[in-house]
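Everything below concerns the one structure shown next.
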Amino acid sequence: MSMSPADARYHLARIVGLIRRGLASLRTRGWRATLQRVGVRLRRQPPPRREPLYAPAAAAFAPFAVPASAQPVASIVIPVYNHAAHTLACLRALAAHPPAAACEILVIDDGSSDDTAAWMAAIDGLRHHRRAHNGGFIAACNDGLRLARGQYVVLLNNDTVPQPGWLDALLDTFAQVPEAGLVGAQLLYPDGRLQESGGIVFDDGSCWSYGRFESAEDPRYASLRDADYCSGAALAIPRALFEQLGGLDARYAPAYYEDTDLAFKVRAAGRRVLVQPASRVVHDEGTSNGTDTDTGSGIKAWQVRNQQVFADAWRAALARQLPAGSVPGPALVHRGQRQVLIIDEAVPRPDRDSASLRQFNLIRMLLAGGAHVVFLPTRGEHGGAATQALQALGVEVWHAPWLQGVGPWLRTHGPRFQVAMLVRHHVANECLPLLRRHAPQARTVFDTVDLHYLRERRGAELSGDPRLARGAERTRASELAVMAATDVTLLVSAAEKQQLAVDAPSVRVELLSNLHEVAGQGLDWAQRQGLVFVGGFNHPPNLDAMQWFIGEVFPLIRQRLPEIRFHCIGADVPDSLRALAATQPGVQVHGYVPDVVPWMAGGRVAVAPLRFGAGVKGKINLSMAHGQPVVATHCAAEGMHLHDGEDVLVADDARGFAEAVVRLHDDEALWRRLSGNGLDNISRHFSMDAAREVVARVFLA
């Protein structure tokens, strides 16, 4: 396929942008840090390797124990009819990797004639119920429902091998999604291929196992998603809801379509049906009943008969389903939702920087508003745990090898989006021509994160470097050009909005600041200790701030508070900063910390000694959201609705900054006032509630 002009412009803009950013990094970070950043960008990161599928070793029967609880959260109901070896393998898997949640395991023996009864009686902790007569799958499952004691009933076929963590992933979904009424596992063939990631129901009642024979890692199937139905081979449902719905419908006896009917009843009751790919269960499809191509005889013949029973029962609901014969893909699967595309270099890492936390919380708001969110990282890399965190929310995240370039991907998927957000000016500059060509119907949103040219200009002024000043002007031209070419520009602070009213008065702007949850007060004044700074050191303003604070400010504080300790937290600490910190008693450089909450909730004072920058400072928001008062420079406090002496202390010179820190550290009444007012500031200006109208107007309207 020949390269289109839009593709050529994308690649040229990308090359030019990388060169310019590399030169700017050399001037601001030095050659060592720049070389390290280049290495990271050039190194292709493969997707994280999943553990090999677990399969219990085949062995002669010997007694063993399975997880058991007198007060179970979940009741695992396993209906069986013969095939004792399969049941044994399933139970051995449950015993080998017991779930964290308290559970009970009920084997409902539907009149087996093999070794089932003898073997089950010898397994410690197992509840074994033998039916008087063979009644089929539905009757056995309904017996299990009557005997279950857990808050959730989990139906599990005996020809399955549940993988480690499968049950906890199912149950966690109910906590994560309060509207969830039924959650199914991702079913795999023993060779690792996907058997089903939720099911599709067509308008004639026929069904499609979504993703069959594909890779389980394919972005189309790897995220939490609403499904038309989930196979009864492995699903969880609240016991109270299951009882309210009358269990599995006996009209479908002995089997087939009872799970599809159950899913439709769950939706009719106002609850959601979800497939959870983090829950993996190997299913030896057809052990008992043959495969779904064998419908002419035996119990599989009921599949044909029951399709008509189901279609008659749900005729009105089926009218809203996909037409029979269509080939489901993401565009059709999510046809009833507003589809929002986010394009950035990489997935957000909310534990590392405030821009990522803002983006992550924006995604949560979009999902809560009913949108389907698709994330396209232009670097094409799987972000490991960060990608999995988005998938767990329900975000369709693309990555190599399924993402073979932005242009080809947009040619295929561009027409399905109503809104597309481009993050940072260099990404927008590269991708906007492709987006205009392949998704002309989409509203384009430019998320500045902060005004880069304003930050660069201030850095140039501080350093007195004319080359940095020229670079800032080039960035200004690029940012303003993107703003003029997109429909909406998102800014994070009122100060930036005022700046753009002068620099680009015709641009449509919306204010979407940092997004935080108000965590609460944390520890009280007397229980808190030390000073805290949080910020990643790939961001030049943070490095400059710490060089100034550790080198000039902290020694003055230490003179007044000889025992005080300062905790410097943030990823990518350069050796030069560690060397400087080693010369100052009381300074502890922690580097990257996965969970900063203990430092926010336990440190007495946070410092934000930034001497240049732009936008809204997440480090200040984060501290205030945990009731931790802040001493900041005017630059750090800019645009954050803060008032010196009321919800922050502000100082710009070393002696004044040190004096403010000592004062706030020692004055309990002042500390309490700033702590309470800071929490109020977050609630009024930087909470998700405060941003709801803007998010609805820009993305959902």
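Lettering and numbering for the structure tokens are positional, with chains as A, B, ... in the shown order, residues counted from 1 in each chain, and ligands counted from 1 in the shown order.
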Please extract the residues of segment 196-441 of chain A with a backbone DSSP assignment of alpha helix (DSSP H) and present them as a PyMOL selection string. chain A and resi 239-244+258-268+301-313+315-318+330-333+354-368+385-393+406-413+425-438
Need the shell around Ala74 of chain A: protein/DNA/RNA residues with any atom at most 8 Å away, counting only C-alpha atoms. Skip same-chain ones fewer than 5 positions apart. Format as JSON, numbers by chain? {"A": [101, 102, 103, 104, 149, 150, 151, 152, 153, 154]}
Mind dumping the selected residues with all heavy atoms as a short mmCIF file (atom, residue, chain, number, x, y, z; two decimals), in the first residue's frame?
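Written file, part_18.cif:
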```
data_model
loop_
_atom_site.label_atom_id
_atom_site.label_comp_id
_atom_site.auth_asym_id
_atom_site.auth_seq_id
_atom_site.Cartn_x
_atom_site.Cartn_y
_atom_site.Cartn_z
N ALA A 101 -10.46 -14.54 48.35
CA ALA A 101 -11.81 -14.43 48.92
C ALA A 101 -12.23 -15.74 49.58
O ALA A 101 -11.92 -16.83 49.08
CB ALA A 101 -12.81 -14.06 47.83
N ALA A 102 -12.93 -15.63 50.70
CA ALA A 102 -13.47 -16.83 51.35
C ALA A 102 -14.50 -17.47 50.42
O ALA A 102 -15.36 -16.79 49.86
CB ALA A 102 -14.12 -16.45 52.67
N CYS A 103 -14.42 -18.79 50.28
CA CYS A 103 -15.33 -19.45 49.35
C CYS A 103 -15.66 -20.85 49.85
O CYS A 103 -15.01 -21.40 50.74
CB CYS A 103 -14.73 -19.52 47.94
SG CYS A 103 -13.27 -20.58 47.81
N GLU A 104 -16.70 -21.40 49.26
CA GLU A 104 -17.05 -22.80 49.43
C GLU A 104 -17.19 -23.40 48.04
O GLU A 104 -17.50 -22.70 47.07
CB GLU A 104 -18.36 -22.96 50.21
CG GLU A 104 -19.57 -22.36 49.51
CD GLU A 104 -20.88 -22.63 50.25
OE1 GLU A 104 -20.85 -23.36 51.24
OE2 GLU A 104 -21.92 -22.08 49.82
N ARG A 149 -24.37 -20.62 50.15
CA ARG A 149 -24.43 -19.74 51.31
C ARG A 149 -23.70 -18.42 51.07
O ARG A 149 -23.76 -17.52 51.90
CB ARG A 149 -23.79 -20.44 52.52
CG ARG A 149 -24.50 -21.73 52.92
CD ARG A 149 -23.75 -22.45 54.04
NE ARG A 149 -22.41 -22.85 53.62
CZ ARG A 149 -21.58 -23.61 54.33
NH1 ARG A 149 -21.98 -24.07 55.51
NH2 ARG A 149 -20.38 -23.92 53.90
N GLY A 150 -22.99 -18.32 49.97
CA GLY A 150 -22.18 -17.13 49.71
C GLY A 150 -22.98 -15.95 49.22
O GLY A 150 -24.13 -16.07 48.79
N GLN A 151 -22.35 -14.79 49.26
CA GLN A 151 -22.97 -13.57 48.72
C GLN A 151 -23.08 -13.65 47.20
O GLN A 151 -23.99 -13.08 46.60
CB GLN A 151 -22.13 -12.35 49.12
CG GLN A 151 -22.67 -11.02 48.63
CD GLN A 151 -21.75 -9.87 48.99
OE1 GLN A 151 -20.79 -10.03 49.75
NE2 GLN A 151 -22.02 -8.69 48.44
N TYR A 152 -22.14 -14.37 46.59
CA TYR A 152 -22.13 -14.55 45.13
C TYR A 152 -22.18 -16.05 44.82
O TYR A 152 -21.59 -16.86 45.52
CB TYR A 152 -20.87 -13.95 44.51
CG TYR A 152 -20.75 -12.46 44.71
CD1 TYR A 152 -20.04 -11.95 45.79
CD2 TYR A 152 -21.37 -11.57 43.84
CE1 TYR A 152 -19.95 -10.58 45.99
CE2 TYR A 152 -21.28 -10.21 44.03
CZ TYR A 152 -20.57 -9.72 45.11
OH TYR A 152 -20.49 -8.36 45.32
N VAL A 153 -22.90 -16.37 43.76
CA VAL A 153 -22.89 -17.73 43.22
C VAL A 153 -22.01 -17.72 41.97
O VAL A 153 -22.17 -16.86 41.10
CB VAL A 153 -24.31 -18.21 42.86
CG1 VAL A 153 -24.25 -19.55 42.14
CG2 VAL A 153 -25.15 -18.33 44.12
N VAL A 154 -21.08 -18.66 41.91
CA VAL A 154 -20.17 -18.76 40.77
C VAL A 154 -20.41 -20.11 40.10
O VAL A 154 -20.19 -21.16 40.71
CB VAL A 154 -18.70 -18.65 41.23
CG1 VAL A 154 -17.76 -18.74 40.03
CG2 VAL A 154 -18.48 -17.36 42.00
#
```
With the cut-off set at 10 Å and counting only C-alpha atoms, tabulate each residue of segment 172-276 of chain A with an atom at most that distance from an atom of segment 366-374 of chain A, showing the nearest atom pair and its distance in Å to one decimal, ordered by chain and increasing number, as CSV.
```
residue,atom,partner,partner_atom,distance
A:Val177,CA,A:Ala368,CA,9.7
A:Pro219,CA,A:Val374,CA,9.8
A:Arg225,CA,A:His372,CA,9.3
```
Once you count only C-alpha atoms, what closest atom pair and distance in Å to one decimal does each residue of segment 198-252 of chain A within 9 Å of segment 310-319 of chain A have, with rows by chain and rising residue number, as a tab-separated table?
```
residue	atom	partner	partner_atom	distance
A:Val201	CA	A:Leu318	CA	8.0
A:Phe202	CA	A:Leu318	CA	7.0
A:Asp203	CA	A:Leu318	CA	4.7
A:Asp204	CA	A:Ala311	CA	6.4
A:Gly205	CA	A:Ala311	CA	5.1
A:Ser206	CA	A:Ala311	CA	8.5
A:Tyr252	CA	A:Phe310	CA	8.3
```
Within 12 Å of Gly535 of chain A, counting only C-alpha atoms, which residues show up once you throw out same-chain ones fewer than 6 positions away? Write them as a ChimeraX atom specification, please. /A:350-355,541-546,567-573,589-593,596,606-610,617-620,622-623
Could you save those same residues with N, CA, C and O atoms as a short mmCIF file (atom, residue, chain, number, x, y, z; two decimals), in the first residue's frame?
```
data_model
loop_
_atom_site.label_atom_id
_atom_site.label_comp_id
_atom_site.auth_asym_id
_atom_site.auth_seq_id
_atom_site.Cartn_x
_atom_site.Cartn_y
_atom_site.Cartn_z
N PRO A 350 -0.34 7.12 36.51
CA PRO A 350 -0.77 8.07 37.54
C PRO A 350 0.05 8.05 38.81
O PRO A 350 -0.05 8.98 39.61
N ASP A 351 0.87 7.03 38.99
CA ASP A 351 1.75 7.00 40.17
C ASP A 351 3.05 7.76 39.94
O ASP A 351 3.87 7.85 40.85
N ARG A 352 3.22 8.34 38.75
CA ARG A 352 4.50 8.98 38.42
C ARG A 352 4.40 10.47 38.15
O ARG A 352 5.38 11.18 38.36
N ASP A 353 3.29 10.98 37.66
CA ASP A 353 3.22 12.41 37.38
C ASP A 353 1.78 12.88 37.41
O ASP A 353 0.84 12.10 37.21
N SER A 354 1.60 14.17 37.66
CA SER A 354 0.25 14.72 37.85
C SER A 354 -0.52 14.75 36.54
O SER A 354 -1.76 14.63 36.55
N ALA A 355 0.17 14.92 35.41
CA ALA A 355 -0.54 14.92 34.12
C ALA A 355 -1.19 13.55 33.87
O ALA A 355 -2.31 13.47 33.36
N PRO A 541 11.63 21.74 35.42
CA PRO A 541 11.35 22.61 36.58
C PRO A 541 11.52 21.90 37.93
O PRO A 541 11.92 22.54 38.90
N ASN A 542 11.24 20.60 37.99
CA ASN A 542 11.41 19.87 39.25
C ASN A 542 12.88 19.74 39.63
O ASN A 542 13.25 19.88 40.80
N LEU A 543 13.72 19.46 38.65
CA LEU A 543 15.15 19.34 38.93
C LEU A 543 15.72 20.67 39.40
O LEU A 543 16.46 20.73 40.40
N ASP A 544 15.37 21.75 38.71
CA ASP A 544 15.84 23.06 39.14
C ASP A 544 15.35 23.39 40.55
O ASP A 544 16.10 23.92 41.38
N ALA A 545 14.09 23.05 40.84
CA ALA A 545 13.51 23.35 42.16
C ALA A 545 14.28 22.64 43.26
O ALA A 545 14.56 23.23 44.32
N MET A 546 14.64 21.37 43.04
CA MET A 546 15.34 20.62 44.08
C MET A 546 16.80 21.05 44.22
O MET A 546 17.36 21.04 45.33
N HIS A 567 12.21 14.70 52.72
CA HIS A 567 12.04 13.52 51.88
C HIS A 567 11.75 13.96 50.44
O HIS A 567 10.72 14.58 50.15
N CYS A 568 12.66 13.63 49.55
CA CYS A 568 12.56 13.99 48.13
C CYS A 568 12.13 12.74 47.36
O CYS A 568 12.86 11.75 47.29
N ILE A 569 10.93 12.80 46.77
CA ILE A 569 10.33 11.62 46.13
C ILE A 569 10.08 11.93 44.66
O ILE A 569 9.51 12.98 44.32
N GLY A 570 10.47 11.02 43.78
CA GLY A 570 10.20 11.20 42.36
C GLY A 570 11.09 10.32 41.52
O GLY A 570 12.24 10.02 41.89
N ALA A 571 10.60 9.91 40.37
CA ALA A 571 11.33 9.00 39.49
C ALA A 571 12.45 9.72 38.76
O ALA A 571 12.44 10.94 38.60
N ASP A 572 13.43 8.93 38.30
CA ASP A 572 14.50 9.39 37.40
C ASP A 572 15.38 10.46 38.05
O ASP A 572 15.70 11.49 37.44
N VAL A 573 15.80 10.21 39.29
CA VAL A 573 16.67 11.15 39.98
C VAL A 573 18.06 11.12 39.34
O VAL A 573 18.68 10.05 39.27
N VAL A 589 16.78 11.15 49.65
CA VAL A 589 16.26 11.04 48.29
C VAL A 589 15.74 9.62 48.10
O VAL A 589 16.51 8.66 48.10
N HIS A 590 14.43 9.48 47.94
CA HIS A 590 13.81 8.16 47.84
C HIS A 590 13.71 7.67 46.40
O HIS A 590 13.55 6.47 46.17
N GLY A 591 13.73 8.56 45.42
CA GLY A 591 13.46 8.15 44.05
C GLY A 591 12.00 7.81 43.86
O GLY A 591 11.12 8.36 44.54
N TYR A 592 11.75 6.88 42.93
CA TYR A 592 10.37 6.50 42.66
C TYR A 592 9.79 5.72 43.83
O TYR A 592 10.41 4.79 44.35
N VAL A 593 8.58 6.10 44.25
CA VAL A 593 7.84 5.42 45.32
C VAL A 593 6.49 5.02 44.75
O VAL A 593 5.74 5.89 44.29
N VAL A 596 2.62 7.10 47.15
CA VAL A 596 3.06 8.30 47.88
C VAL A 596 2.08 8.70 48.98
O VAL A 596 2.36 9.64 49.73
N ALA A 606 4.51 20.11 52.97
CA ALA A 606 4.96 19.88 51.60
C ALA A 606 5.58 21.16 51.05
O ALA A 606 5.13 22.27 51.37
N VAL A 607 6.61 21.00 50.23
CA VAL A 607 7.25 22.17 49.61
C VAL A 607 7.12 22.07 48.10
O VAL A 607 7.21 20.99 47.52
N ALA A 608 6.88 23.23 47.47
CA ALA A 608 6.80 23.33 46.01
C ALA A 608 7.65 24.52 45.57
O ALA A 608 7.14 25.59 45.23
N PRO A 609 8.99 24.35 45.57
CA PRO A 609 9.90 25.48 45.33
C PRO A 609 10.22 25.70 43.85
O PRO A 609 11.37 25.92 43.48
N LEU A 610 9.20 25.63 42.98
CA LEU A 610 9.44 25.77 41.54
C LEU A 610 9.75 27.22 41.19
O LEU A 610 9.02 28.13 41.58
N LYS A 617 0.00 22.75 39.40
CA LYS A 617 1.00 21.85 39.98
C LYS A 617 0.32 20.73 40.76
O LYS A 617 -0.23 20.94 41.85
N GLY A 618 0.40 19.53 40.20
CA GLY A 618 -0.25 18.38 40.83
C GLY A 618 0.30 18.06 42.19
O GLY A 618 -0.41 17.54 43.06
N LYS A 619 1.57 18.38 42.42
CA LYS A 619 2.17 18.10 43.73
C LYS A 619 1.46 18.88 44.83
O LYS A 619 1.29 18.40 45.94
N ILE A 620 1.02 20.11 44.51
CA ILE A 620 0.29 20.92 45.49
C ILE A 620 -1.11 20.33 45.69
O ILE A 620 -1.58 20.18 46.82
N LEU A 622 -2.08 17.27 45.24
CA LEU A 622 -2.01 15.97 45.90
C LEU A 622 -1.83 16.14 47.40
O LEU A 622 -2.48 15.46 48.20
N SER A 623 -0.95 17.05 47.80
CA SER A 623 -0.74 17.29 49.22
C SER A 623 -2.02 17.82 49.87
O SER A 623 -2.45 17.34 50.93
#
```
Atom CA of Leu410 of chain A and atom CA of His438 of chain A are how many Å apart?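 Between atom CA of Leu410 of chain A and atom CA of His438 of chain A the gap works out to 5.9 Å.
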Near segment 325-333 of chain A, within 10 Å and counting only C-alpha atoms, which residues show up once chain neighbours fewer than 3 positions away are dropped, as a PyMOL selection string? chain A and resi 200+202-204+206+208+210-211+219-221+225-228+321-322+336-337+339+372+374+396+413-417
So, with only C-alpha atoms as the atoms that count, which of A:Ala654, A:Val347, A:Val698, A:Ala660 lies closest to Val509 of chain A?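 Nearest candidate to Val509 of chain A out of A:Ala654, A:Val347, A:Val698, A:Ala660: A:Val698.
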Mind checking which residues fall within 10 Å of Leu147 of chain A, counting only C-alpha atoms, ignoring those fewer than 3 positions away in the same chain, and posting them as a count of residues only? 11
Nearest to Leu171 of chain A, chosen from A:Tyr453, A:Ala526, A:Val73, A:Asp465, with only C-alpha atoms counted in the distances: A:Val73
Best match for closeness to Val534 of chain A among A:Val161, A:Leu480, A:Ala132, A:Met600, counting only C-alpha atoms: A:Met600
So that I can check the surroundings of segment 84-96 of chain A, please list as a PyMOL selection string every protein, DNA and RNA residue that reaches within 6 Å of it, counting only C-alpha atoms and ignoring chain neighbours fewer than 5 positions away. chain A and resi 66+116+158-161
Would you write out those residues with all heavy atoms, as a PDB file, in the first residue's frame?
```pdb
ATOM      1  N   VAL A  66      -9.653 -28.834  49.533  1.00  0.00           N
ATOM      2  CA  VAL A  66      -9.958 -27.656  48.730  1.00  0.00           C
ATOM      3  C   VAL A  66     -10.316 -26.502  49.663  1.00  0.00           C
ATOM      4  O   VAL A  66     -10.650 -26.723  50.830  1.00  0.00           O
ATOM      5  CB  VAL A  66     -11.127 -27.934  47.755  1.00  0.00           C
ATOM      6  CG1 VAL A  66     -10.736 -28.971  46.728  1.00  0.00           C
ATOM      7  CG2 VAL A  66     -12.385 -28.335  48.506  1.00  0.00           C
ATOM      8  N   THR A 116     -17.116 -40.581  40.354  1.00  0.00           N
ATOM      9  CA  THR A 116     -17.361 -39.261  40.932  1.00  0.00           C
ATOM     10  C   THR A 116     -17.737 -39.340  42.408  1.00  0.00           C
ATOM     11  O   THR A 116     -17.148 -38.643  43.251  1.00  0.00           O
ATOM     12  CB  THR A 116     -18.467 -38.533  40.139  1.00  0.00           C
ATOM     13  OG1 THR A 116     -18.013 -38.305  38.805  1.00  0.00           O
ATOM     14  CG2 THR A 116     -18.804 -37.199  40.791  1.00  0.00           C
ATOM     15  N   ASN A 158     -17.265 -28.420  35.115  1.00  0.00           N
ATOM     16  CA  ASN A 158     -16.255 -29.351  35.626  1.00  0.00           C
ATOM     17  C   ASN A 158     -15.145 -29.602  34.618  1.00  0.00           C
ATOM     18  O   ASN A 158     -14.076 -30.099  34.982  1.00  0.00           O
ATOM     19  CB  ASN A 158     -16.896 -30.677  36.045  1.00  0.00           C
ATOM     20  CG  ASN A 158     -17.401 -31.492  34.870  1.00  0.00           C
ATOM     21  OD1 ASN A 158     -17.900 -30.936  33.883  1.00  0.00           O
ATOM     22  ND2 ASN A 158     -17.301 -32.811  34.970  1.00  0.00           N
ATOM     23  N   ASP A 159     -15.352 -29.231  33.335  1.00  0.00           N
ATOM     24  CA  ASP A 159     -14.304 -29.415  32.332  1.00  0.00           C
ATOM     25  C   ASP A 159     -13.476 -28.135  32.158  1.00  0.00           C
ATOM     26  O   ASP A 159     -13.046 -27.796  31.057  1.00  0.00           O
ATOM     27  CB  ASP A 159     -14.890 -29.872  30.998  1.00  0.00           C
ATOM     28  CG  ASP A 159     -15.942 -28.924  30.445  1.00  0.00           C
ATOM     29  OD1 ASP A 159     -16.335 -27.974  31.163  1.00  0.00           O
ATOM     30  OD2 ASP A 159     -16.384 -29.136  29.297  1.00  0.00           O
ATOM     31  N   THR A 160     -13.266 -27.425  33.261  1.00  0.00           N
ATOM     32  CA  THR A 160     -12.464 -26.202  33.241  1.00  0.00           C
ATOM     33  C   THR A 160     -11.260 -26.352  34.162  1.00  0.00           C
ATOM     34  O   THR A 160     -11.262 -27.150  35.099  1.00  0.00           O
ATOM     35  CB  THR A 160     -13.273 -24.979  33.712  1.00  0.00           C
ATOM     36  OG1 THR A 160     -13.699 -25.185  35.064  1.00  0.00           O
ATOM     37  CG2 THR A 160     -14.486 -24.729  32.826  1.00  0.00           C
ATOM     38  N   VAL A 161     -10.246 -25.538  33.877  1.00  0.00           N
ATOM     39  CA  VAL A 161      -9.100 -25.390  34.783  1.00  0.00           C
ATOM     40  C   VAL A 161      -8.966 -23.899  35.069  1.00  0.00           C
ATOM     41  O   VAL A 161      -8.398 -23.148  34.273  1.00  0.00           O
ATOM     42  CB  VAL A 161      -7.800 -25.945  34.164  1.00  0.00           C
ATOM     43  CG1 VAL A 161      -6.619 -25.706  35.113  1.00  0.00           C
ATOM     44  CG2 VAL A 161      -7.944 -27.424  33.847  1.00  0.00           C
TER      45      VAL A 161
END
```
